[in-house]
file my_file-v9.json (JSON, C-alpha atoms)
[["chain", "number", "residue", "atom", "x", "y", "z"],
["A", 1, "MET", "CA", 103.55, 144.73, 59.93],
["A", 2, "ASP", "CA", 103.95, 147.11, 57.07],
["A", 3, "PHE", "CA", 105.88, 150.35, 57.32],
["A", 4, "PRO", "CA", 106.13, 153.27, 54.96],
["A", 5, "THR", "CA", 109.03, 152.99, 52.53],
["A", 6, "ASP", "CA", 111.65, 155.02, 54.29],
["A", 7, "GLU", "CA", 115.36, 154.35, 54.59],
["A", 8, "ARG", "CA", 115.19, 155.39, 58.27],
["A", 9, "VAL", "CA", 112.82, 152.46, 58.91],
["A", 10, "GLU", "CA", 115.33, 150.09, 57.33],
["A", 11, "VAL", "CA", 118.11, 151.52, 59.53],
["A", 12, "PHE", "CA", 116.01, 150.87, 62.65],
["A", 13, "LEU", "CA", 115.11, 147.36, 61.54],
["A", 14, "ALA", "CA", 118.75, 146.60, 60.69],
["A", 15, "LYS", "CA", 119.76, 147.66, 64.22],
["A", 16, "ILE", "CA", 117.08, 145.38, 65.66],
["A", 17, "ARG", "CA", 118.24, 142.49, 63.43],
["A", 18, "GLU", "CA", 121.83, 143.02, 64.62],
["A", 19, "SER", "CA", 120.82, 142.74, 68.30],
["A", 20, "PRO", "CA", 117.38, 141.14, 68.69],
["A", 21, "PHE", "CA", 117.80, 140.81, 72.45],
["A", 22, "ASP", "CA", 118.49, 144.54, 72.88],
["A", 23, "ASP", "CA", 115.23, 146.12, 74.01],
["A", 24, "ASP", "CA", 116.61, 149.65, 73.64],
["A", 25, "ASN", "CA", 116.76, 149.48, 69.83],
["A", 26, "ARG", "CA", 113.06, 148.60, 69.70],
["A", 27, "LYS", "CA", 112.17, 151.37, 72.16],
["A", 28, "VAL", "CA", 114.02, 153.98, 70.08],
["A", 29, "PHE", "CA", 112.18, 152.73, 67.00],
["A", 30, "ALA", "CA", 108.89, 152.98, 68.93],
["A", 31, "ASP", "CA", 109.66, 156.65, 69.64],
["A", 32, "TRP", "CA", 110.32, 157.23, 65.93],
["A", 33, "ILE", "CA", 107.06, 155.47, 65.03],
["A", 34, "GLN", "CA", 105.17, 157.67, 67.49],
["A", 35, "GLU", "CA", 106.59, 160.82, 65.92],
["A", 36, "ASN", "CA", 106.23, 159.74, 62.27],
["A", 37, "ILE", "CA", 103.29, 157.34, 61.88],
["A", 38, "PRO", "CA", 99.96, 158.76, 63.05],
["A", 39, "GLY", "CA", 97.51, 156.27, 64.59],
["A", 40, "SER", "CA", 100.19, 153.68, 65.33],
["A", 41, "GLU", "CA", 99.57, 153.16, 69.04],
["A", 42, "GLU", "CA", 99.36, 149.35, 68.76],
["A", 43, "LEU", "CA", 102.60, 149.21, 66.77],
["A", 44, "GLN", "CA", 104.32, 151.52, 69.27],
["A", 45, "ALA", "CA", 103.21, 149.29, 72.13],
["A", 46, "ALA", "CA", 104.57, 146.20, 70.38],
["A", 47, "TYR", "CA", 108.01, 147.80, 69.98],
["A", 48, "ARG", "CA", 107.97, 149.25, 73.51],
["A", 49, "GLY", "CA", 107.80, 145.79, 75.04],
["A", 50, "GLY", "CA", 104.42, 144.34, 74.16],
["A", 51, "ALA", "CA", 105.84, 141.82, 71.68],
["A", 52, "LYS", "CA", 108.47, 140.63, 74.16],
["A", 53, "ALA", "CA", 105.88, 140.37, 76.92],
["A", 54, "HIS", "CA", 103.62, 138.35, 74.61],
["A", 55, "LEU", "CA", 106.36, 135.84, 73.76],
["A", 56, "GLU", "CA", 107.46, 135.58, 77.41],
["A", 57, "ASP", "CA", 103.85, 134.94, 78.45],
["A", 58, "PHE", "CA", 103.43, 132.38, 75.66],
["A", 59, "CYS", "CA", 106.54, 130.51, 76.83],
["A", 60, "GLU", "CA", 105.32, 130.52, 80.43],
["A", 61, "ARG", "CA", 101.96, 129.12, 79.34],
["A", 62, "VAL", "CA", 103.65, 126.32, 77.36],
["A", 63, "GLN", "CA", 105.90, 125.50, 80.32],
["A", 64, "GLU", "CA", 102.97, 125.52, 82.75],
["A", 65, "HIS", "CA", 100.86, 123.36, 80.47],
["A", 66, "TYR", "CA", 103.48, 120.59, 80.36],
["A", 67, "ARG", "CA", 104.69, 120.81, 83.97],
["A", 68, "PRO", "CA", 102.07, 118.39, 85.40],
["A", 69, "TRP", "CA", 102.96, 115.70, 82.86],
["A", 70, "HIS", "CA", 106.63, 116.07, 83.71],
["A", 71, "ARG", "CA", 105.86, 115.73, 87.44],
["A", 72, "ASP", "CA", 103.95, 112.54, 86.64],
["A", 73, "GLY", "CA", 107.00, 111.10, 84.89],
["A", 74, "TYR", "CA", 106.01, 111.75, 81.27],
["A", 75, "GLY", "CA", 108.49, 113.57, 79.05],
["A", 76, "ASP", "CA", 111.09, 116.11, 80.03],
["A", 77, "GLY", "CA", 108.76, 119.05, 80.61],
["A", 78, "ALA", "CA", 109.08, 122.29, 78.74],
["A", 79, "ASP", "CA", 111.40, 124.35, 80.94],
["A", 80, "PHE", "CA", 113.76, 124.67, 77.95],
["A", 81, "PHE", "CA", 111.00, 126.57, 76.12],
["A", 82, "THR", "CA", 112.08, 130.11, 77.04],
["A", 83, "TYR", "CA", 111.87, 133.49, 75.34],
["A", 84, "GLU", "CA", 115.52, 133.15, 74.30],
["A", 85, "TYR", "CA", 114.91, 129.67, 72.88],
["A", 86, "VAL", "CA", 111.92, 130.85, 70.84],
["A", 87, "VAL", "CA", 113.72, 133.92, 69.47],
["A", 88, "ASN", "CA", 116.83, 131.92, 68.58],
["A", 89, "MET", "CA", 114.71, 129.23, 66.92],
["A", 90, "GLY", "CA", 112.81, 131.90, 64.98],
["A", 91, "LEU", "CA", 116.08, 133.51, 63.86],
["A", 92, "GLU", "CA", 117.36, 130.13, 62.71],
["A", 93, "MET", "CA", 114.22, 129.63, 60.62],
["A", 94, "ILE", "CA", 114.47, 133.11, 59.12],
["A", 95, "GLN", "CA", 118.18, 132.99, 58.37],
["A", 96, "THR", "CA", 118.37, 129.42, 57.03],
["A", 97, "GLY", "CA", 115.04, 129.34, 55.21],
["A", 98, "LYS", "CA", 114.11, 126.13, 57.05],
["A", 99, "ARG", "CA", 110.53, 126.47, 58.21],
["A", 100, "GLY", "CA", 110.52, 123.79, 60.92],
["A", 101, "PHE", "CA", 110.14, 125.07, 64.46],
["A", 102, "ARG", "CA", 111.64, 122.29, 66.57],
["A", 103, "VAL", "CA", 110.14, 121.30, 69.87],
["A", 104, "ARG", "CA", 111.05, 118.37, 72.07],
["A", 105, "SER", "CA", 107.86, 116.37, 72.10],
["A", 106, "ALA", "CA", 105.09, 115.43, 69.71],
["A", 107, "GLN", "CA", 102.50, 116.79, 72.16],
["A", 108, "GLN", "CA", 104.15, 120.21, 72.10],
["A", 109, "ALA", "CA", 104.35, 120.12, 68.30],
["A", 110, "GLU", "CA", 100.62, 119.39, 68.05],
["A", 111, "SER", "CA", 99.35, 121.95, 70.52],
["A", 112, "MET", "CA", 101.89, 124.78, 70.54],
["A", 113, "LEU", "CA", 99.99, 127.12, 68.22],
["A", 114, "GLU", "CA", 96.56, 125.58, 67.70],
["A", 115, "ASP", "CA", 94.55, 128.76, 67.56],
["A", 116, "ASP", "CA", 94.78, 130.99, 64.44],
["A", 117, "VAL", "CA", 94.68, 134.20, 66.51],
["A", 118, "GLU", "CA", 97.42, 132.94, 68.83],
["A", 119, "ARG", "CA", 99.51, 131.84, 65.87],
["A", 120, "GLU", "CA", 99.20, 135.28, 64.22],
["A", 121, "LYS", "CA", 100.12, 137.08, 67.47],
["A", 122, "PHE", "CA", 103.10, 134.76, 67.85],
["A", 123, "TRP", "CA", 104.45, 135.57, 64.35],
["A", 124, "ASP", "CA", 103.75, 139.31, 64.79],
["A", 125, "ALA", "CA", 105.70, 139.30, 68.06],
["A", 126, "LEU", "CA", 108.58, 137.36, 66.53],
["A", 127, "SER", "CA", 108.67, 139.83, 63.63],
["A", 128, "VAL", "CA", 108.95, 142.78, 66.05],
["A", 129, "ILE", "CA", 111.63, 141.10, 68.17],
["A", 130, "THR", "CA", 113.81, 140.01, 65.26],
["A", 131, "GLY", "CA", 113.33, 142.99, 62.95],
["A", 132, "TYR", "CA", 112.38, 140.76, 60.03],
["A", 133, "HIS", "CA", 109.18, 141.01, 58.02],
["A", 134, "LEU", "CA", 107.53, 137.58, 58.19],
["A", 135, "ASP", "CA", 105.13, 137.55, 55.28],
["A", 136, "ALA", "CA", 102.07, 135.37, 54.85],
["A", 137, "ASP", "CA", 103.96, 132.75, 52.84],
["A", 138, "PHE", "CA", 106.53, 132.39, 55.61],
["A", 139, "ARG", "CA", 103.84, 132.10, 58.26],
["A", 140, "ILE", "CA", 101.84, 129.55, 56.28],
["A", 141, "ASP", "CA", 104.89, 127.42, 55.44],
["A", 142, "ALA", "CA", 106.22, 127.46, 59.00],
["A", 143, "TYR", "CA", 105.40, 124.41, 61.04],
["A", 144, "THR", "CA", 106.48, 122.62, 64.15],
["A", 145, "THR", "CA", 108.60, 119.49, 64.10],
["A", 146, "CYS", "CA", 109.44, 117.06, 66.82],
["A", 147, "SER", "CA", 113.08, 116.52, 67.68],
["A", 148, "CYS", "CA", 112.27, 113.59, 69.94]]
call {"tool": "encode", "arguments": {"input": "my_file-v9.json", "output": "structure tokens"}}
result
Amino acid sequence: MDFPTDERVEVFLAKIRESPFDDDNRKVFADWIQENIPGSEELQAAYRGGAKAHLEDFCERVQEHYRPWHRDGYGDGADFFTYEYVVNMGLEMIQTGKRGFRVRSAQQAESMLEDDVEREKFWDALSVITGYHLDADFRIDAYTTCSC
């Protein structure tokens, strides 16, 4: 997501980076976007809660997908795979430069982000939540690893 070069944008993004779990900082930024960037309805929606909702939904889908296997005695399920886990893992990748997104099973690593559209939405949402610009090189180099 590209923004106009403006030091006010950097101030908003710095606030979001300082407290990525604080929804209010993103909502204030969404208000600023509405007032200053014409035609930015999709971007406003992402900062008003759409990105968080997308990641929460994604985590629920991953958990639901692996729940039957866990009930049948295979693996440890995916209940650990929460919004907080994903954001913290994303922040670790961004801040350390390590591109591996750890998951607990090889099956999760293979199927977590199979679809290109889903993968792009995932990185867009993580960018909004964390306040970091995740460029194409970052997104291409990022991968999942198994910590089994």
call {"tool": "residues_around", "arguments": {"input": "my_file-v9.json", "residues": "Tyr83 (chain A)", "least_positions_apart": "2", "cutoff": "12 Å", "atoms": "all atoms listed in the file", "output": "ChimeraX atom specification"}}
result
/A:20-21,51-63,79-81,85-90,122,125-126,129
call {"tool": "write_last_selection", "arguments": {"input": "my_file-v9.json", "atoms": "C-alpha atoms", "output": "compact mmCIF listing (two decimals), in the coordinates of the input"}}
result
# COMPACT_ATOMS: atom_id res chain seq x y z
CA PRO A 20 117.38 141.14 68.69
CA PHE A 21 117.80 140.81 72.45
CA ALA A 51 105.84 141.82 71.68
CA LYS A 52 108.47 140.63 74.16
CA ALA A 53 105.88 140.37 76.92
CA HIS A 54 103.62 138.35 74.61
CA LEU A 55 106.36 135.84 73.76
CA GLU A 56 107.46 135.58 77.41
CA ASP A 57 103.85 134.94 78.45
CA PHE A 58 103.43 132.38 75.66
CA CYS A 59 106.54 130.51 76.83
CA GLU A 60 105.32 130.52 80.43
CA ARG A 61 101.96 129.12 79.34
CA VAL A 62 103.65 126.32 77.36
CA GLN A 63 105.90 125.50 80.32
CA ASP A 79 111.40 124.35 80.94
CA PHE A 80 113.76 124.67 77.95
CA PHE A 81 111.00 126.57 76.12
CA TYR A 85 114.91 129.67 72.88
CA VAL A 86 111.92 130.85 70.84
CA VAL A 87 113.72 133.92 69.47
CA ASN A 88 116.83 131.92 68.58
CA MET A 89 114.71 129.23 66.92
CA GLY A 90 112.81 131.90 64.98
CA PHE A 122 103.10 134.76 67.85
CA ALA A 125 105.70 139.30 68.06
CA LEU A 126 108.58 137.36 66.53
CA ILE A 129 111.63 141.10 68.17
call {"tool": "residues_around", "arguments": {"input": "my_file-v9.json", "residues": "Arg8 (chain A)", "least_positions_apart": "4", "cutoff": "10 Å", "atoms": "only C-alpha atoms", "output": "list of chain:residue names"}}
result
A:Pro4, A:Phe12, A:Leu13, A:Ala14, A:Phe29, A:Trp32
call {"tool": "atom_distance", "arguments": {"input": "my_file-v9.json", "atom1": "CA of Ser40 (chain A)", "atom2": "CA of Ile140 (chain A)"}}
result
25.8 Å
call {"tool": "residues_around", "arguments": {"input": "my_file-v9.json", "residues": "Val11 (chain A)", "least_positions_apart": "4", "cutoff": "12 Å", "atoms": "only C-alpha atoms", "output": "list in words"}}
result
Thr5, Asp6, Glu7, Lys15, Ile16, Arg17, Glu18, Asn25, Arg26, Val28, Phe29, Trp32 and Gly131 of chain A
call {"tool": "build_atoms", "arguments": {"input": "my_file-v9.json", "residues": "region 19-55 of chain A", "atoms": "N, CA and C atoms", "output": "mmCIF file, keeping the file's coordinate frame"}}
result
data_model
loop_
_atom_site.group_PDB
_atom_site.id
_atom_site.type_symbol
_atom_site.label_atom_id
_atom_site.label_comp_id
_atom_site.auth_asym_id
_atom_site.auth_seq_id
_atom_site.Cartn_x
_atom_site.Cartn_y
_atom_site.Cartn_z
ATOM 1 N N SER A 19 120.872 143.038 66.863
ATOM 2 C CA SER A 19 120.820 142.740 68.300
ATOM 3 C C SER A 19 119.385 142.501 68.745
ATOM 4 N N PRO A 20 118.803 141.361 68.373
ATOM 5 C CA PRO A 20 117.380 141.140 68.690
ATOM 6 C C PRO A 20 117.057 141.068 70.183
ATOM 7 N N PHE A 21 118.067 140.866 71.017
ATOM 8 C CA PHE A 21 117.800 140.810 72.450
ATOM 9 C C PHE A 21 117.989 142.165 73.133
ATOM 10 N N ASP A 22 118.295 143.194 72.361
ATOM 11 C CA ASP A 22 118.490 144.540 72.880
ATOM 12 C C ASP A 22 117.164 145.302 72.815
ATOM 13 N N ASP A 23 116.532 145.450 73.948
ATOM 14 C CA ASP A 23 115.230 146.120 74.010
ATOM 15 C C ASP A 23 115.327 147.603 73.630
ATOM 16 N N ASP A 24 116.477 148.214 73.883
ATOM 17 C CA ASP A 24 116.610 149.650 73.640
ATOM 18 C C ASP A 24 116.423 150.013 72.166
ATOM 19 N N ASN A 25 116.931 149.193 71.264
ATOM 20 C CA ASN A 25 116.760 149.480 69.830
ATOM 21 C C ASN A 25 115.281 149.523 69.450
ATOM 22 N N ARG A 26 114.496 148.606 69.999
ATOM 23 C CA ARG A 26 113.060 148.600 69.700
ATOM 24 C C ARG A 26 112.364 149.807 70.320
ATOM 25 N N LYS A 27 112.787 150.211 71.501
ATOM 26 C CA LYS A 27 112.170 151.370 72.160
ATOM 27 C C LYS A 27 112.464 152.667 71.391
ATOM 28 N N VAL A 28 113.678 152.801 70.889
ATOM 29 C CA VAL A 28 114.020 153.980 70.080
ATOM 30 C C VAL A 28 113.177 153.992 68.810
ATOM 31 N N PHE A 29 113.024 152.823 68.202
ATOM 32 C CA PHE A 29 112.180 152.730 67.000
ATOM 33 C C PHE A 29 110.731 153.086 67.346
ATOM 34 N N ALA A 30 110.256 152.648 68.502
ATOM 35 C CA ALA A 30 108.890 152.980 68.930
ATOM 36 C C ALA A 30 108.712 154.492 69.034
ATOM 37 N N ASP A 31 109.725 155.190 69.555
ATOM 38 C CA ASP A 31 109.660 156.650 69.640
ATOM 39 C C ASP A 31 109.566 157.263 68.240
ATOM 40 N N TRP A 32 110.368 156.734 67.302
ATOM 41 C CA TRP A 32 110.320 157.230 65.930
ATOM 42 C C TRP A 32 108.940 156.977 65.322
ATOM 43 N N ILE A 33 108.396 155.798 65.549
ATOM 44 C CA ILE A 33 107.060 155.470 65.030
ATOM 45 C C ILE A 33 106.032 156.458 65.570
ATOM 46 N N GLN A 34 106.111 156.745 66.865
ATOM 47 C CA GLN A 34 105.170 157.670 67.490
ATOM 48 C C GLN A 34 105.233 159.043 66.819
ATOM 49 N N GLU A 35 106.418 159.500 66.511
ATOM 50 C CA GLU A 35 106.590 160.820 65.920
ATOM 51 C C GLU A 35 106.257 160.870 64.428
ATOM 52 N N ASN A 36 106.317 159.723 63.733
ATOM 53 C CA ASN A 36 106.230 159.740 62.270
ATOM 54 C C ASN A 36 105.074 158.962 61.654
ATOM 55 N N ILE A 37 104.395 158.131 62.432
ATOM 56 C CA ILE A 37 103.290 157.340 61.880
ATOM 57 C C ILE A 37 102.039 157.574 62.724
ATOM 58 N N PRO A 38 101.177 158.475 62.289
ATOM 59 C CA PRO A 38 99.960 158.760 63.050
ATOM 60 C C PRO A 38 99.081 157.499 63.212
ATOM 61 N N GLY A 39 98.439 157.382 64.355
ATOM 62 C CA GLY A 39 97.510 156.270 64.590
ATOM 63 C C GLY A 39 98.189 154.927 64.764
ATOM 64 N N SER A 40 99.416 154.928 65.241
ATOM 65 C CA SER A 40 100.190 153.680 65.330
ATOM 66 C C SER A 40 100.389 153.212 66.768
ATOM 67 N N GLU A 41 99.416 153.469 67.622
ATOM 68 C CA GLU A 41 99.570 153.160 69.040
ATOM 69 C C GLU A 41 99.851 151.674 69.288
ATOM 70 N N GLU A 42 99.163 150.797 68.572
ATOM 71 C CA GLU A 42 99.360 149.350 68.760
ATOM 72 C C GLU A 42 100.784 148.949 68.342
ATOM 73 N N LEU A 43 101.247 149.499 67.253
ATOM 74 C CA LEU A 43 102.600 149.210 66.770
ATOM 75 C C LEU A 43 103.638 149.746 67.758
ATOM 76 N N GLN A 44 103.409 150.950 68.263
ATOM 77 C CA GLN A 44 104.320 151.520 69.270
ATOM 78 C C GLN A 44 104.396 150.611 70.486
ATOM 79 N N ALA A 45 103.250 150.154 70.947
ATOM 80 C CA ALA A 45 103.210 149.290 72.130
ATOM 81 C C ALA A 45 103.983 147.992 71.889
ATOM 82 N N ALA A 46 103.857 147.441 70.695
ATOM 83 C CA ALA A 46 104.570 146.200 70.380
ATOM 84 C C ALA A 46 106.075 146.423 70.478
ATOM 85 N N TYR A 47 106.572 147.534 69.957
ATOM 86 C CA TYR A 47 108.010 147.800 69.980
ATOM 87 C C TYR A 47 108.484 148.294 71.344
ATOM 88 N N ARG A 48 107.577 148.796 72.175
ATOM 89 C CA ARG A 48 107.970 149.250 73.510
ATOM 90 C C ARG A 48 108.023 148.103 74.514
ATOM 91 N N GLY A 49 107.703 146.921 74.106
ATOM 92 C CA GLY A 49 107.800 145.790 75.040
ATOM 93 C C GLY A 49 106.634 144.833 74.953
ATOM 94 N N GLY A 50 105.592 145.197 74.250
ATOM 95 C CA GLY A 50 104.420 144.340 74.160
ATOM 96 C C GLY A 50 104.702 143.023 73.460
ATOM 97 N N ALA A 51 105.522 143.047 72.411
ATOM 98 C CA ALA A 51 105.840 141.820 71.680
ATOM 99 C C ALA A 51 106.665 140.884 72.555
ATOM 100 N N LYS A 52 107.642 141.443 73.259
ATOM 101 C CA LYS A 52 108.470 140.630 74.160
ATOM 102 C C LYS A 52 107.609 140.037 75.264
ATOM 103 N N ALA A 53 106.756 140.854 75.849
ATOM 104 C CA ALA A 53 105.880 140.370 76.920
ATOM 105 C C ALA A 53 104.970 139.248 76.407
ATOM 106 N N HIS A 54 104.481 139.384 75.171
ATOM 107 C CA HIS A 54 103.620 138.350 74.610
ATOM 108 C C HIS A 54 104.374 137.031 74.464
ATOM 109 N N LEU A 55 105.598 137.073 73.922
ATOM 110 C CA LEU A 55 106.360 135.840 73.760
ATOM 111 C C LEU A 55 106.763 135.245 75.118
#
